[in-house]
Structure formats: structure tokens, C-alpha cells
file entry_30.cif (mmCIF, C-alpha atoms)
data_my_file
loop_
_atom_site.label_atom_id
_atom_site.label_comp_id
_atom_site.auth_asym_id
_atom_site.auth_seq_id
_atom_site.Cartn_x
_atom_site.Cartn_y
_atom_site.Cartn_z
CA MET A 1 58.27 136.48 -125.97
CA THR A 2 55.77 134.26 -124.22
CA ARG A 3 53.49 132.47 -126.62
CA GLU A 4 50.78 131.88 -124.07
CA ALA A 5 47.59 133.73 -123.30
CA HIS A 6 44.36 133.24 -121.39
CA ALA A 7 40.87 133.38 -122.83
CA PHE A 8 37.42 133.74 -121.29
CA TRP A 9 35.07 130.98 -122.40
CA LEU A 10 31.41 130.59 -121.62
CA GLY A 11 31.50 126.91 -120.58
CA THR A 12 27.76 126.61 -120.05
CA PRO A 13 25.13 129.36 -119.96
CA GLY A 14 25.78 131.49 -116.89
CA HIS A 15 29.19 129.94 -116.12
CA GLY A 16 32.45 131.31 -117.47
CA GLU A 17 35.95 129.97 -117.20
CA ILE A 18 39.48 131.08 -118.02
CA ARG A 19 41.33 128.72 -120.35
CA PRO A 20 44.99 128.76 -121.36
CA VAL A 21 45.75 129.37 -125.04
CA ARG A 22 48.96 128.63 -126.91
CA LEU A 23 49.58 131.37 -129.49
CA PRO A 24 51.01 130.52 -132.90
CA ASP A 25 53.91 132.43 -134.40
CA PRO A 26 52.53 135.21 -136.59
CA GLY A 27 52.95 134.52 -140.27
CA PRO A 28 53.45 136.99 -143.10
CA GLY A 29 50.84 139.73 -142.91
CA GLU A 30 49.84 138.83 -139.35
CA VAL A 31 50.29 140.57 -135.99
CA LEU A 32 50.68 139.34 -132.45
CA VAL A 33 48.74 141.63 -130.11
CA ARG A 34 48.92 141.79 -126.30
CA THR A 35 45.60 142.96 -124.89
CA ARG A 36 45.55 146.15 -122.82
CA ARG A 37 41.76 146.47 -122.49
CA SER A 38 38.82 144.21 -123.30
CA GLY A 39 35.30 145.60 -123.10
CA VAL A 40 32.06 143.81 -122.35
CA SER A 41 28.95 144.78 -124.27
CA ARG A 42 26.14 144.99 -121.75
CA GLY A 43 23.39 144.03 -124.20
CA THR A 44 24.83 141.48 -126.59
CA GLU A 45 27.17 139.77 -124.17
CA THR A 46 24.50 139.54 -121.48
CA LEU A 47 22.39 137.55 -123.95
CA VAL A 48 25.36 135.35 -124.85
CA PHE A 49 26.35 134.79 -121.19
CA ALA A 50 22.81 133.81 -120.23
CA GLY A 51 22.55 131.43 -123.20
CA ARG A 52 19.62 133.45 -124.55
CA VAL A 53 20.76 134.00 -128.14
CA PRO A 54 17.79 132.86 -130.26
CA ALA A 55 18.72 129.93 -132.49
CA ASP A 56 17.61 131.85 -135.59
CA GLN A 57 20.16 134.57 -134.69
CA TYR A 58 23.24 132.36 -134.23
CA ALA A 59 24.75 133.30 -137.60
CA VAL A 60 23.88 137.00 -137.29
CA MET A 61 25.38 137.32 -133.80
CA ARG A 62 28.54 135.36 -134.56
CA ALA A 63 31.51 137.57 -133.67
CA PRO A 64 34.71 137.86 -135.69
CA PHE A 65 37.25 135.31 -134.39
CA GLN A 66 34.61 133.63 -132.24
CA GLU A 67 35.38 130.04 -131.30
CA GLY A 68 32.76 127.51 -130.32
CA GLU A 69 29.06 127.74 -130.96
CA PHE A 70 25.99 129.18 -129.29
CA PRO A 71 24.71 128.60 -126.74
CA ALA A 72 27.99 127.17 -125.34
CA PRO A 73 30.82 126.48 -125.06
CA VAL A 74 31.81 129.67 -126.81
CA LYS A 75 34.63 132.23 -126.73
CA TYR A 76 32.90 135.51 -127.49
CA GLY A 77 33.59 139.24 -127.49
CA TYR A 78 34.51 141.99 -129.91
CA LEU A 79 35.92 144.97 -128.01
CA ASN A 80 39.69 144.67 -127.71
CA VAL A 81 42.56 147.15 -127.56
CA GLY A 82 46.15 145.99 -127.40
CA VAL A 83 49.71 146.64 -128.47
CA VAL A 84 51.29 144.98 -131.51
CA GLU A 85 54.32 143.01 -130.27
CA GLU A 86 55.17 141.31 -133.57
CA GLY A 87 54.22 142.06 -137.14
CA PRO A 88 54.77 144.58 -139.93
CA ALA A 89 57.10 147.46 -139.03
CA ASP A 90 54.37 150.10 -139.47
CA LEU A 91 52.29 148.45 -136.74
CA LEU A 92 55.03 147.32 -134.36
CA GLY A 93 54.53 148.93 -130.95
CA ARG A 94 51.26 150.60 -132.01
CA THR A 95 48.11 150.50 -129.94
CA VAL A 96 45.35 148.92 -132.04
CA PHE A 97 41.63 148.13 -131.87
CA CYS A 98 40.39 144.69 -132.94
CA LEU A 99 37.05 142.89 -132.95
CA TYR A 100 38.49 140.04 -130.87
CA PRO A 101 37.08 137.97 -127.98
CA HIS A 102 38.25 138.34 -124.37
CA GLN A 103 41.80 137.02 -124.49
CA THR A 104 45.12 138.34 -123.15
CA GLY A 105 46.94 137.94 -126.48
CA TYR A 106 46.18 136.79 -130.01
CA VAL A 107 47.43 136.50 -133.59
CA VAL A 108 45.27 137.92 -136.41
CA PRO A 109 45.75 139.25 -139.94
CA ALA A 110 47.19 142.78 -139.83
CA SER A 111 44.12 143.88 -141.80
CA ALA A 112 41.94 143.00 -138.78
CA VAL A 113 43.45 145.70 -136.55
CA VAL A 114 42.94 149.47 -136.66
CA PRO A 115 45.61 151.76 -135.20
CA VAL A 116 44.35 153.89 -132.34
CA PRO A 117 45.21 157.57 -132.80
CA ASP A 118 48.05 158.82 -130.60
CA GLY A 119 46.77 160.38 -127.42
CA VAL A 120 43.62 158.23 -127.19
CA PRO A 121 43.86 156.13 -124.02
CA PRO A 122 43.18 152.37 -124.34
CA GLY A 123 40.26 152.65 -121.91
CA ARG A 124 38.52 155.04 -124.28
CA ALA A 125 39.61 153.30 -127.48
CA VAL A 126 38.01 150.03 -126.38
CA LEU A 127 34.64 151.75 -126.67
CA ALA A 128 35.10 152.24 -130.43
CA GLY A 129 33.04 149.15 -131.21
CA THR A 130 30.08 150.49 -129.28
CA VAL A 131 29.95 153.55 -131.54
CA GLU A 132 28.63 151.31 -134.31
CA THR A 133 25.63 150.50 -132.12
CA ALA A 134 24.94 154.20 -131.58
CA VAL A 135 25.25 154.96 -135.29
CA ASN A 136 22.91 152.09 -136.17
CA ALA A 137 20.39 153.31 -133.59
CA LEU A 138 20.39 156.79 -135.12
#
call {"tool": "encode", "arguments": {"input": "entry_30.cif", "output": "C-alpha cells"}}
result
Amino acid sequence: MTREAHAFWLGTPGHGEIRPVRLPDPGPGEVLVRTRRSGVSRGTETLVFAGRVPADQYAVMRAPFQEGEFPAPVKYGYLNVGVVEEGPADLLGRTVFCLYPHQTGYVVPASAVVPVPDGVPPGRAVLAGTVETAVNAL
């Protein structure tokens, strides 16, 4: 199993870059996930990419597993669907949703992933995080 991945970082406002990432071995209660789909939020991530997150909103807009700080450099994102390659037996091989930045693989606590129901394609499952926005709007 390759312990390398690639992550999208906003290096400076308006300029992204792909950076290599060395993945740690998952510990007890953790999973290693290989990304199948990563979604971009048109509203929130447009603000982040442009460096237009208001300073008084930095803490509120901080994403789970975000690295770096606003306005940049920052690794941001929260719509990720992947397959568990290592971890607890009940999750091994399962497709899962996670609030994780744009990265091709990652290690997180098993409690941070939600199994995607069988039959739901990854391209649809990645939209799960946007449902929260719709619910909040209603």
C-alpha cells in the first residue's frame, strides 16, 4: 500500500497548487481512506479561493481537518467520498463520506467517516455535505 497522497493547497489567494503528502500508518480506531470523489462548494470555497473570508469569520469557517490558516496558505474542503483501505473490519472496503479537504488519501478517526449506503454512487454521495446547507436554508 502506497503511503503517499496529493493535496490541493491554496498557496496564495487565487493560486492553488498540488502538494505531495506522506500518510501515516493508521492507529487503533483510525481508517486510511482513498478518495474516489472530492466536491467543491461553489459558495464557501469560492470565498476561500479568492482570499475573501472575513477575518471575523476565520474560526466559524474553519473546516474539519483543515491545515493552514486563512487567507492562505490553507488546505481546505469538506466534501469527500472514498474507500476504506485500512481500519476496523466493519469499515474495510466500504465507501464512506468524510468532511475532509481535497486530498487523494488520508488517515482520520473511524468516527469521522459515515458509510455510504450500498447502491449510492460516489458522485452522488459526495453531495451529502451540501444537504446541510439546504436544510439550514429551509
call {"tool": "residues_around", "arguments": {"input": "entry_30.cif", "residues": "Arg19 (chain A)", "least_positions_apart": "4", "cutoff": "12 Å", "atoms": "all atoms listed in the file", "output": "JSON, numbers by chain"}}
result
{"A": [4, 5, 6, 7, 8, 9, 10, 11, 73, 74, 75, 102, 103, 104]}
call {"tool": "residues_near_point", "arguments": {"input": "entry_30.cif", "point": "(51.6, 140.5, -134.8)", "cutoff": "10 Å", "atoms": "all atoms listed in the file", "output": "number ranges by chain"}}
result
A: 25-34, 83-89, 91-93, 105-110, 113
call {"tool": "write_last_selection", "arguments": {"input": "entry_30.cif", "atoms": "C-alpha atoms", "output": "short mmCIF file (atom, residue, chain, number, x, y, z; two decimals), keeping the file's coordinate frame"}}
result
data_model
loop_
_atom_site.label_atom_id
_atom_site.label_comp_id
_atom_site.auth_asym_id
_atom_site.auth_seq_id
_atom_site.Cartn_x
_atom_site.Cartn_y
_atom_site.Cartn_z
CA ASP A 25 53.91 132.43 -134.40
CA PRO A 26 52.53 135.21 -136.59
CA GLY A 27 52.95 134.52 -140.27
CA PRO A 28 53.45 136.99 -143.10
CA GLY A 29 50.84 139.73 -142.91
CA GLU A 30 49.84 138.83 -139.35
CA VAL A 31 50.29 140.57 -135.99
CA LEU A 32 50.68 139.34 -132.45
CA VAL A 33 48.74 141.63 -130.11
CA ARG A 34 48.92 141.79 -126.30
CA VAL A 83 49.71 146.64 -128.47
CA VAL A 84 51.29 144.98 -131.51
CA GLU A 85 54.32 143.01 -130.27
CA GLU A 86 55.17 141.31 -133.57
CA GLY A 87 54.22 142.06 -137.14
CA PRO A 88 54.77 144.58 -139.93
CA ALA A 89 57.10 147.46 -139.03
CA LEU A 91 52.29 148.45 -136.74
CA LEU A 92 55.03 147.32 -134.36
CA GLY A 93 54.53 148.93 -130.95
CA GLY A 105 46.94 137.94 -126.48
CA TYR A 106 46.18 136.79 -130.01
CA VAL A 107 47.43 136.50 -133.59
CA VAL A 108 45.27 137.92 -136.41
CA PRO A 109 45.75 139.25 -139.94
CA ALA A 110 47.19 142.78 -139.83
CA VAL A 113 43.45 145.70 -136.55
#
call {"tool": "atom_distance", "arguments": {"input": "entry_30.cif", "atom1": "CA of Gly77 (chain A)", "atom2": "CA of Pro117 (chain A)"}}
result
22.3 Å
call {"tool": "residues_near_point", "arguments": {"input": "entry_30.cif", "point": "(42.2, 146.7, -127.1)", "cutoff": "9 Å", "atoms": "all atoms listed in the file", "output": "JSON, numbers by chain"}}
result
{"A": [33, 34, 35, 36, 37, 38, 39, 79, 80, 81, 82, 83, 95, 96, 97, 98, 99, 100, 122, 123, 125, 126]}
call {"tool": "atom_distance", "arguments": {"input": "entry_30.cif", "atom1": "CA of Met61 (chain A)", "atom2": "CA of Tyr76 (chain A)"}}
result
10.0 Å
call {"tool": "atom_distance", "arguments": {"input": "entry_30.cif", "atom1": "CA of Val131 (chain A)", "atom2": "CA of Phe49 (chain A)"}}
result
21.7 Å
call {"tool": "closest_residue", "arguments": {"input": "entry_30.cif", "among": "A:Thr130, A:Ala112, A:Gly119, A:Arg3", "to": "Leu23 (chain A)", "atoms": "all atoms listed in the file"}}
result
A:Arg3
call {"tool": "closest_residue", "arguments": {"input": "entry_30.cif", "among": "A:Pro24, A:Ala50, A:Pro64, A:Arg94", "to": "Val120 (chain A)", "atoms": "all atoms listed in the file"}}
result
A:Arg94
call {"tool": "residues_around", "arguments": {"input": "entry_30.cif", "residues": "Leu47 (chain A)", "least_positions_apart": "5", "cutoff": "10 Å", "atoms": "all atoms listed in the file", "output": "PyMOL selection string"}}
result
chain A and resi 13-14+41-42+52-54+71
